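*Asks:* Structure file upload12.cif (mmCIF, C-alpha atoms and all ligand atoms) is given on the next line.
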data_upload
loop_
_atom_site.label_atom_id
_atom_site.label_comp_id
_atom_site.auth_asym_id
_atom_site.auth_seq_id
_atom_site.Cartn_x
_atom_site.Cartn_y
_atom_site.Cartn_z
CA MET A 11 -24.06 -28.59 -12.31
CA SER A 12 -25.42 -25.74 -10.20
CA ARG A 13 -23.63 -27.22 -7.22
CA LEU A 14 -20.33 -27.13 -9.11
CA LEU A 15 -20.97 -23.51 -10.05
CA LEU A 16 -21.62 -22.63 -6.42
CA ILE A 17 -18.36 -24.28 -5.35
CA LEU A 18 -16.43 -22.42 -8.05
CA THR A 19 -17.99 -19.12 -6.95
CA LEU A 20 -16.95 -19.76 -3.36
CA LEU A 21 -13.39 -20.48 -4.47
CA LEU A 22 -12.98 -17.13 -6.26
CA PRO A 23 -10.67 -14.83 -4.31
CA ALA A 24 -12.28 -11.70 -2.87
CA ALA A 25 -9.49 -9.61 -4.43
CA VAL A 26 -11.17 -9.83 -7.83
CA TYR A 27 -13.26 -6.78 -6.94
CA ALA A 28 -10.60 -4.07 -6.85
CA GLU A 29 -7.51 -4.54 -8.97
CA LEU A 30 -5.19 -1.60 -8.62
CA GLU A 31 -2.09 -1.35 -10.79
CA PHE A 32 1.15 -0.51 -9.01
CA GLY A 33 4.08 1.09 -10.80
CA ASP A 34 7.63 0.72 -9.47
CA PRO A 35 6.82 0.04 -5.77
CA TRP A 36 9.95 0.58 -3.67
CA ILE A 37 11.16 1.20 -0.14
CA LYS A 38 13.92 3.65 0.68
CA ASN A 39 16.50 1.80 2.74
CA LEU A 40 17.70 3.36 5.98
CA PRO A 41 20.16 2.26 8.69
CA PRO A 42 18.85 -0.29 11.26
CA ALA A 43 18.77 2.40 13.98
CA VAL A 44 15.98 4.25 12.14
CA PRO A 45 12.62 2.71 13.17
CA VAL A 46 10.64 3.65 10.01
CA ARG A 47 10.90 3.29 6.24
CA ALA A 48 9.00 5.11 3.49
CA GLY A 49 7.46 3.38 0.49
CA TYR A 50 6.81 4.96 -2.91
CA MET A 51 5.04 3.95 -6.16
CA THR A 52 2.34 4.98 -8.55
CA ILE A 53 -1.16 3.58 -7.96
CA HIS A 54 -3.54 3.41 -10.90
CA ASN A 55 -7.22 2.54 -10.58
CA PRO A 56 -8.36 1.12 -13.95
CA GLU A 57 -11.86 0.34 -12.64
CA THR A 58 -15.02 2.31 -13.35
CA GLN A 59 -15.58 2.91 -9.64
CA ALA A 60 -13.51 4.62 -6.96
CA VAL A 61 -11.74 2.37 -4.47
CA ARG A 62 -11.15 3.14 -0.82
CA ILE A 63 -8.14 1.75 1.05
CA VAL A 64 -9.02 1.32 4.71
CA SER A 65 -5.95 -0.47 6.08
CA LEU A 66 -2.59 -2.01 5.28
CA ARG A 67 -0.61 -4.76 6.93
CA SER A 68 2.64 -6.63 6.47
CA ALA A 69 4.48 -9.46 8.22
CA SER A 70 7.68 -7.40 7.68
CA PHE A 71 6.57 -4.34 9.67
CA ALA A 72 4.71 -3.83 12.95
CA ARG A 73 2.50 -1.18 11.36
CA VAL A 74 1.85 0.24 7.89
CA GLU A 75 0.15 3.61 7.36
CA ILE A 76 -0.47 6.03 4.51
CA HIS A 77 0.95 9.47 5.23
CA GLN A 78 0.88 12.86 3.63
CA THR A 79 3.76 15.30 4.02
CA LEU A 80 2.62 18.85 4.76
CA MET A 81 4.37 22.16 5.18
CA GLN A 82 3.00 24.06 8.15
CA ASP A 83 4.54 27.30 9.42
CA GLY A 84 7.71 26.46 7.51
CA MET A 85 7.94 23.04 9.17
CA MET A 86 7.59 19.67 7.46
CA ARG A 87 5.23 17.32 9.19
CA MET A 88 3.37 14.13 8.35
CA GLU A 89 -0.29 13.34 8.74
CA GLN A 90 -1.96 9.95 8.47
CA ILE A 91 -4.54 9.43 5.72
CA GLU A 92 -7.06 7.04 7.30
CA ASN A 93 -8.97 6.30 4.10
CA LEU A 94 -7.18 6.77 0.80
CA ILE A 95 -9.70 7.07 -2.04
CA ILE A 96 -8.51 6.53 -5.59
CA ALA A 97 -11.05 7.73 -8.16
CA ALA A 98 -11.97 5.70 -11.25
CA GLY A 99 -9.18 6.08 -13.79
CA GLU A 100 -6.99 8.08 -11.41
CA THR A 101 -3.21 7.62 -11.10
CA LEU A 102 -1.78 8.66 -7.77
CA GLN A 103 1.93 9.35 -7.23
CA LEU A 104 3.41 8.31 -3.91
CA LYS A 105 6.71 10.16 -3.78
CA PRO A 106 9.23 11.80 -1.43
CA GLY A 107 7.73 14.99 0.03
CA GLY A 108 4.17 13.88 -0.76
CA ILE A 109 1.91 10.92 -0.06
CA HIS A 110 3.88 7.84 1.00
CA LEU A 111 3.59 4.53 2.79
CA MET A 112 5.00 4.68 6.31
CA LEU A 113 6.42 1.30 7.28
CA MET A 114 7.06 1.15 11.01
CA GLN A 115 9.35 -1.06 13.06
CA PRO A 116 10.80 -3.52 10.55
CA ALA A 117 10.85 -7.10 11.85
CA GLN A 118 14.41 -7.39 10.48
CA PRO A 119 16.93 -4.75 9.35
CA THR A 120 16.08 -3.97 5.69
CA ARG A 121 18.62 -4.53 2.92
CA PRO A 122 18.73 -3.23 -0.67
CA GLY A 123 17.48 -5.82 -3.15
CA GLU A 124 15.11 -7.65 -0.84
CA VAL A 125 11.34 -7.57 -1.29
CA HIS A 126 8.46 -7.09 1.17
CA ARG A 127 4.82 -7.99 0.80
CA ILE A 128 2.10 -5.61 1.93
CA THR A 129 -1.61 -6.44 1.97
CA ILE A 130 -3.99 -3.61 1.13
CA GLU A 131 -7.54 -3.88 2.48
CA PHE A 132 -10.48 -2.15 0.84
CA ASP A 133 -13.77 -0.96 2.32
CA ASP A 134 -15.70 -3.82 0.70
CA GLY A 135 -13.64 -6.39 2.63
CA SER A 136 -11.51 -7.43 -0.35
CA SER A 137 -7.73 -7.17 -0.38
CA GLN A 138 -4.80 -7.04 -2.76
CA ASP A 139 -1.13 -7.84 -2.20
CA LEU A 140 1.71 -5.56 -3.22
CA ILE A 141 5.43 -6.35 -3.44
CA LEU A 142 7.95 -3.57 -2.77
CA THR A 143 11.69 -3.74 -3.46
CA VAL A 144 14.17 -2.16 -1.04
CA ARG A 145 16.56 0.31 -2.68
CA LYS A 146 19.45 2.45 -1.49
CU CU A 201 5.31 9.27 7.05
#
Turn this file's structure into structure tokens for me.

*Replies:*
Amino acid sequence: MSRLLLILTLLLPAAVYAELEFGDPWIKNLPPAVPVRAGYMTIHNPETQAVRIVSLRSASFARVEIHQTLMQDGMMRMEQIENLIIAAGETLQLKPGGIHLMLMQPAQPTRPGEVHRITIEFDDGSSQDLILTVRK
């Protein structure tokens, strides 16, 4: 009996730890000549503890980063957020002109209607998958 319990425990996915809720995750489509895409959504942390995102990856893009858009001396520029912390109960808006996912070098030209999977990795070693839909 205890052996069975141990096996069951080992089979549990690590992603059980942090379960973020994603609202309306989407990617803004751009012509094939443009080497990056931006991803937007709301992220809600329903847990009683803060979660820290340390990296993102996708088979669809060479690199995935979290960026923040800043105005500096009247110029728009983007800065990478290395560790995005979402407080307990917090809902974060990723939107044009603010925080966004930066999806670099698509493996294939993106098309409206298709979906892409991104894996989010947390500081405790767990991960969670996210599906984004490409829109015009
Ligand atoms: Cu960016």

*Asks:* Residues near A:Asp34, anyone? I mean within 7 Å using only C-alpha atoms, not counting same-chain ones fewer than 2 positions away, as a ChimeraX atom specification.

*Replies:* /A:32,36,51-52

*Asks:* Using all atoms listed in the file, which residue out of A:Gly33, A:Gly108, A:Gly135, A:Pro119 lies closest to A:Ile53?

*Replies:* A:Gly33

*Asks:* Show me which residues line ligand CU 201 (chain A), defined as having an atom within 8 Å of a ligand atom where all atoms listed in the file count, and present them as a PDB file with C-alpha atoms, in the frame of the given file.

*Replies:*
ATOM      1  CA  ALA A  48       9.000   5.110   3.490  1.00  0.00           C
ATOM      2  CA  GLU A  75       0.150   3.610   7.360  1.00  0.00           C
ATOM      3  CA  ILE A  76      -0.470   6.030   4.510  1.00  0.00           C
ATOM      4  CA  HIS A  77       0.950   9.470   5.230  1.00  0.00           C
ATOM      5  CA  GLN A  78       0.880  12.860   3.630  1.00  0.00           C
ATOM      6  CA  THR A  79       3.760  15.300   4.020  1.00  0.00           C
ATOM      7  CA  MET A  88       3.370  14.130   8.350  1.00  0.00           C
ATOM      8  CA  GLU A  89      -0.290  13.340   8.740  1.00  0.00           C
ATOM      9  CA  GLN A  90      -1.960   9.950   8.470  1.00  0.00           C
ATOM     10  CA  HIS A 110       3.880   7.840   1.000  1.00  0.00           C
ATOM     11  CA  LEU A 111       3.590   4.530   2.790  1.00  0.00           C
ATOM     12  CA  MET A 112       5.000   4.680   6.310  1.00  0.00           C
TER      13      MET A 112
END

*Asks:* Between A:Val125, A:Glu57, A:Arg145, A:Ala69, which has the minimum distance to A:Leu40 (counting all atoms listed in the file)?

*Replies:*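 Residue with the minimum atom-to-atom distance to A:Leu40: A:Arg145.
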
*Asks:* Contacts of A:Asn93 at 12 Å or less, counting only C-alpha atoms, minus same-chain residues fewer than 5 places along, as a list of chain:residue names?

*Replies:*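 Surrounding residues, per the criterion: A:Val61, A:Arg62, A:Ile63, A:Val64, A:Ser65, A:Leu66, A:Glu75, A:Ile76, A:His77, A:Gln78, A:Ile130, A:Glu131, A:Phe132, A:Asp133.
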
*Asks:* Between A:Met85, A:Ala117, A:Val74, A:His126, which is the closest to A:Asp139 once you count all atoms listed in the file?

*Replies:*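 For A:Asp139, the nearest of the given residues is A:His126.
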
*Asks:* Which distance in Å separates atom CA of A:Arg127 and atom CA of A:Ser68, to one decimal?

*Replies:*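 Here the two named atoms are 6.2 Å from each other.
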
*Asks:* I need the residue nearest A:Pro116 from this list: A:Ile95, A:Ala60, A:Met81, A:Val44. Use all atoms listed in the file for the distance.

*Replies:*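 Using all atoms listed in the file, A:Pro116 sits closest to A:Val44.
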
*Asks:* Using only C-alpha atoms, which of the listed residues (A:Pro41, A:Glu29, A:Arg73, A:Pro35) sits closest to A:Met114?

*Replies:* A:Arg73

*Asks:* Within 6 Å of A:His54, counting all atoms listed in the file, which residues qualify if same-chain residues fewer than 4 places away don't, as a list of chain:residue names?

*Replies:*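 My reading of the contact set: A:Leu30, A:Glu31, A:Glu100, A:Thr101.
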
*Asks:* May I ask for the distance between atom CA of A:Pro122 and atom CA of A:Arg67, given in Å to one decimal place?

*Replies:*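 It comes out at 20.8 Å.
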
*Asks:* Mind pulling up the distance from atom CA of A:Gln82 to atom CA of A:Ala97?

*Replies:*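 Pair atom CA of A:Ala97 / atom CA of A:Gln82 returns 27.0 Å.
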
*Asks:* Compare A:Ile109, A:Leu102, A:Ile141, A:Ala72 by their minimum atom-to-atom distance to A:Arg87, counting all atoms listed in the file, and give me the closest one.

*Replies:*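 Checking each of A:Ile109, A:Leu102, A:Ile141, A:Ala72 against A:Arg87, counting all atoms listed in the file, the winner is A:Ile109.
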